[in-house]
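K.L.:
Handing you this structure, nothing more for now.
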Amino acid sequence: MKINSEIYKKIETIVSSEFVSDADEDRFCYSYDAAGGKSLPDLVVRPATAEEISKIVMLANEYLIPVIPRGSGSGFVGGSTPVSGGIVLILTRMSKIIYVDEDNLTAEVEPGVITQKLQQEVEKSGLFYPPDPASLKFSTIGGNVAVNSGGPRAIKYGVTKDYILGLEAVLPTGETIHTGVKTVKGVVGYDLTRLLIGSEGTLAIITKILLKLLPKPKKVRTALAVFPEVDDAARAVTEIIRSKIIPATLEFMDCTAMQCVEDYLEVGLPKKAGAMLLIEVDGDDDVVDKEIKQIDLLCNKCNTVQILIAADDQEQRKLWTARRAISPALGRLKPTKINEDIVVPRTKVPSIIKRIRKIAEDLNLTIINFGHAGDGNIHVNIMTDKEDKDEYERAEKAVKEIFSAVLDLEGTISGEHGVGLTKSPYIRMEIEPVALRKMEEIKKIFDPNNIMNPGKIF
Ligand SMILES: Cc1cc2nc3c(=O)[nH]c(=O)nc-3n(C[C@H](O)[C@H](O)[C@H](O)COP(=O)(O)OP(=O)(O)OC[C@H]3O[C@@H](n4cnc5c(N)ncnc54)[C@H](O)[C@@H]3O)c2cc1C
């Protein structure tokens with residue numbers, strides 16, 4: 001149903017009028033996320049409390065108005081794009097860190113807290129919140145939980161779901177539920193916390209998050225190693241893991257990504273090399289120093305052509321420059337980027353890279369690969385131009401062929417971005433019919449009127 005003046009007024013009485021807008025400029029600003037597709041909402045609402053959200057959702061459920069929860073809109077799969085119009089519910093006003101509990105190693109936060117702000121806050125107490133999506137300067141914790149975000153540190157520390165003990169969430173009926181426990185252990189009933197993590201705003205609106213924290217590692221050391229071939233870099237990854245070292249990050253760039261960054265920044269990356277690894281270890285001083293020496297030896301054993309080990313923070317930041325420059329470097333190549341985040345078992349990284357290169361060659365496309373070699377999560381960027389119909393069709397064909405190759409290698413089509421809108425046409429390639437039917441039934445139980453973020457995942 002369209003939002004008429006009567007419904008508008010009712011919403012204004014729930015949140016004050018300055019936090020409700022149907023102005024064209026607001027509707028336009030919240031019509032898209034980092035995936036780029038546009039679709040206008042009818043209304044933009046910025047609630048401040050779970051109670052306000054509950055009242056808005058009850059109204060939306062009564063009048064069958066779609067509700068699209070939104071953090072910072074940095075999602076890469078169109079998850080917060082209002083494809084059926086309705087109310088975009090922006091959660092950034094709910095940005096309190098409620099407490100940090102140093103004795104129980106927990107923190108409770110509202111969903112609009114920016115990921116980096118949380119990390120900085122807990123670090124003041126010598127604590128550590130490991131999940132580190134590259135978007136951490138602007139993504140919200142609520143968005144991270146809703147898509148189960150990962151980042152470079154996933155190889156050692158896991159992803160968002162590994163740090164969530166419990167949630168408060170508002171259901172489409174307006175009821176509020178509390179899931180999980182404040183303790184490390186707790187097995188009473190079904191695990192609704194895990195169900196809501198990664199549900200992409202299709203089941204409920206997350207309004208409070210209870211997080212698990214760790215003590216902050218004492219020291220970090222970083223190395224950058226360049227290899228003649230992808231196979232050599234992959235062998236180095238296997239050797240490092242086999243030697244029982246679990247690096248905090250093990251980032252990977254293939255030759256396409258290295259060339260792209262070198263053309264952009266001229267930082268001295270060899271253009272003819274096959275791949276690069278950025279390796280970071282963390283922990284106690286003596287352990288970290290020993291591990292970085294061992295990594296140096298292992299990379300040399302795997303034919304590294306260059307290895308740089310940072311002596312201090314400044315050198316560390318310099319080594320990260322190339323990896324951090326990929327996004328702007330890509331932006332110069334073509335106007336449209338189809339960004340996939342496939343995962344394969346880490347020993348199969350060379351096989352998937354070879355298959356992607358073959359697909360790029362056969363379809364005459366530029367495809368740039370980089371990502372998290374430690375957990376086999378590769379960001380595959382198909383560079384194209386939406387206006388060039390023929391090339392765009394070839395790019396879409398490439399996506400399907402890449403997904404087939406990934407599944408053939410026992411991987412998954414998304415490691416951290418989620419399904420949202422852009423991957424929903426492919427979900428059937430990975431999820432078997434019975435499992436998918438059960439997921440659709442769960443969605444119906446939570447949201448019988450399909451008001452929560454309709455058009456996403458399924
Ligand atoms: C430059 C860049 C780098 C990135 N790097 C990474 C990376 O390394 N790892 C990674 O995992 N992702 C990465 N991303 C993707 C993105 O930042 C993450 O998916 C992030 O978690 C989204 O957070 P957000 O606050 O922007 O959420 P949004 O984009 O606003 O929303 C994402 C989804 O969550 C839902 N949602 C948001 N808040 C709530 C809530 N409170 N309750 C219920 N549902 C909610 C929305 O409806 C939507 O479906 C990157 C994005 C960019 C632009």
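Chains: A, B, ... in order of the structure tokens. Residues: from 1 per chain. Ligands: from 1, in order shown.
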Go through the chains and note each residue within 8 Å of ligand 1, using only C-alpha atoms and all ligand atoms, then give the set as a PyMOL selection string.
P.N.:
chain A and resi 33-34+68-76+78-81+90-91+111-112+114+132-136+138-152+169+198-207+327+415-418+420+453+456
K.L.:
Name all residues at most 7 Å from region 107-110 of chain A (count only C-alpha atoms; drop same-chain ones fewer than 2 positions away) and give them as number ranges by chain.
P.N.:
A: 94-101, 112-113, 207-212
K.L.:
Do you have the CA of Glu18 (chain A)-CA of Thr173 (chain A) distance handy?
P.N.:
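Taking CA of Glu18 (chain A) as the start and CA of Thr173 (chain A) as the end point, the length is 25.4 Å.
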K.L.:
Ranking A:Val344, A:Leu224, A:Ile356, A:Leu196 by minimum distance to Thr256 (chain A) and counting only C-alpha atoms, which one comes first?
P.N.:
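For Thr256 (chain A), the nearest of the candidates is A:Ile356.
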K.L.:
Running DSSP on the backbone, which parts of region 359-403 of chain A land in strand (DSSP E or B), as a VMD selection string?
P.N.:
chain A and resid 366 to 372 377 to 384
K.L.:
Next, the residues of the selection above should be written as an mmCIF file, in the first residue's frame with N, CA and C atoms.
P.N.:
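What follows is the written file again-v9.cif:
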```
data_model
loop_
_atom_site.group_PDB
_atom_site.id
_atom_site.type_symbol
_atom_site.label_atom_id
_atom_site.label_comp_id
_atom_site.auth_asym_id
_atom_site.auth_seq_id
_atom_site.Cartn_x
_atom_site.Cartn_y
_atom_site.Cartn_z
ATOM 1 N N THR A 366 38.074 -7.992 -18.754
ATOM 2 C CA THR A 366 39.112 -7.730 -17.754
ATOM 3 C C THR A 366 38.577 -8.173 -16.399
ATOM 4 N N ILE A 367 39.245 -9.142 -15.782
ATOM 5 C CA ILE A 367 38.818 -9.613 -14.449
ATOM 6 C C ILE A 367 40.008 -9.506 -13.498
ATOM 7 N N ILE A 368 39.799 -8.786 -12.402
ATOM 8 C CA ILE A 368 40.880 -8.544 -11.426
ATOM 9 C C ILE A 368 40.581 -9.344 -10.150
ATOM 10 N N ASN A 369 41.586 -10.088 -9.680
ATOM 11 C CA ASN A 369 41.371 -10.961 -8.511
ATOM 12 C C ASN A 369 42.281 -10.592 -7.342
ATOM 13 N N PHE A 370 41.673 -10.472 -6.190
ATOM 14 C CA PHE A 370 42.454 -10.290 -4.964
ATOM 15 C C PHE A 370 41.607 -10.812 -3.814
ATOM 16 N N GLY A 371 42.165 -10.874 -2.614
ATOM 17 C CA GLY A 371 41.308 -11.304 -1.504
ATOM 18 C C GLY A 371 42.068 -11.933 -0.373
ATOM 19 N N HIS A 372 41.392 -12.842 0.302
ATOM 20 C CA HIS A 372 41.906 -13.393 1.553
ATOM 21 C C HIS A 372 42.358 -14.840 1.295
ATOM 22 N N ASN A 377 38.925 -16.900 0.242
ATOM 23 C CA ASN A 377 37.882 -15.946 -0.177
ATOM 24 C C ASN A 377 38.493 -14.948 -1.177
ATOM 25 N N ILE A 378 38.098 -15.068 -2.438
ATOM 26 C CA ILE A 378 38.688 -14.224 -3.472
ATOM 27 C C ILE A 378 37.652 -13.226 -3.986
ATOM 28 N N HIS A 379 38.037 -11.951 -4.038
ATOM 29 C CA HIS A 379 37.172 -10.931 -4.634
ATOM 30 C C HIS A 379 37.459 -10.896 -6.123
ATOM 31 N N VAL A 380 36.461 -11.278 -6.887
ATOM 32 C CA VAL A 380 36.595 -11.351 -8.342
ATOM 33 C C VAL A 380 35.880 -10.127 -8.908
ATOM 34 N N ASN A 381 36.622 -9.245 -9.544
ATOM 35 C CA ASN A 381 36.047 -7.993 -10.042
ATOM 36 C C ASN A 381 36.006 -8.004 -11.561
ATOM 37 N N ILE A 382 34.798 -8.093 -12.098
ATOM 38 C CA ILE A 382 34.660 -8.070 -13.559
ATOM 39 C C ILE A 382 34.447 -6.608 -13.940
ATOM 40 N N MET A 383 35.410 -6.065 -14.669
ATOM 41 C CA MET A 383 35.363 -4.641 -15.009
ATOM 42 C C MET A 383 34.639 -4.481 -16.352
ATOM 43 N N THR A 384 33.575 -3.678 -16.331
ATOM 44 C CA THR A 384 32.778 -3.549 -17.548
ATOM 45 C C THR A 384 32.102 -2.179 -17.593
#
```
K.L.:
Which is closest to Ser125 (chain A) among A:Lys389, A:Arg394, A:Lys216, A:Lys444, if we use only C-alpha atoms?
P.N.:
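The answer is A:Lys216, which sits nearest to Ser125 (chain A).
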K.L.:
Pick out each residue of region 105-353 of chain A that DSSP on the backbone tags as helix (DSSP H, G or I); I need them as a VMD selection string.
P.N.:
chain A and resid 115 to 123 141 to 147 154 to 157 160 to 163 192 to 196 230 to 242 255 to 265 285 to 301 313 to 324 326 to 331 346 to 353
K.L.:
Which neighbours of Asn449 (chain A) fall inside 10 Å, counting only C-alpha atoms, when residues of the same chain fewer than 6 positions from it are skipped, and could you give them as a PyMOL selection string?
P.N.:
chain A and resi 60-66+172-173+443
K.L.:
Any idea what's packed within 8 Å of Gln119 (chain A), counting only C-alpha atoms, ignoring anything in its chain fewer than 5 positions away? Could you give it as a PyMOL selection string?
P.N.:
chain A and resi 128-130
K.L.:
Would you compute the distance between CA of Ile342 (chain A) and CA of Val281 (chain A)? Give it in Å to one decimal.
P.N.:
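Rounded to one decimal, the two atoms are 24.4 Å apart.
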K.L.:
Just the residues within 12 Å of Leu365 (chain A), please, counting only C-alpha atoms, with nothing from its chain fewer than 4 positions along; format it as a list in words.
P.N.:
Thr256, Leu333, Lys334, Lys337, Ile338, Ile356, Arg357, Lys358, Ile359, Ala360, Glu361, Asn381, Ile382, Met383, Thr384, Asp385, Asp390, Glu391, Tyr392, Glu393, Arg394, Ala395, Glu396, Lys397, Ala398 and Val399 of chain A
K.L.:
Could you jot down the CA of Ala275 (chain A) to CA of Asn300 (chain A) separation for me, Å, one decimal place?
P.N.:
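So the two atoms, CA of Ala275 (chain A) and CA of Asn300 (chain A), lie 14.2 Å apart.
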K.L.:
Point out the residue among A:Pro41, A:Val419, A:Arg317, A:Ile53 with the least atom-to-atom distance to Leu171 (chain A), counting only C-alpha atoms.
P.N.:
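Distance minimum relative to Leu171 (chain A) lands on A:Ile53.
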K.L.:
Between A:Val77, A:Lys271, A:Leu127, A:Gln259, single out the one closest to Ser424 (chain A), counting only C-alpha atoms.
P.N.:
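Smallest separation from Ser424 (chain A) among the options: A:Val77.
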K.L.:
Using only C-alpha atoms, which residues sit within 9 Å of Arg194 (chain A) once same-chain residues fewer than 3 positions away are excluded, as a PyMOL selection string?
P.N.:
chain A and resi 161+164+166+180+191+197-198
K.L.:
For Lys55 (chain A), please output as a ChimeraX atom specification all residues within 9 Å (counting only C-alpha atoms; exclusion window: fewer than 3 positions along the same chain).
P.N.:
/A:11,14,50-52,58-60,174
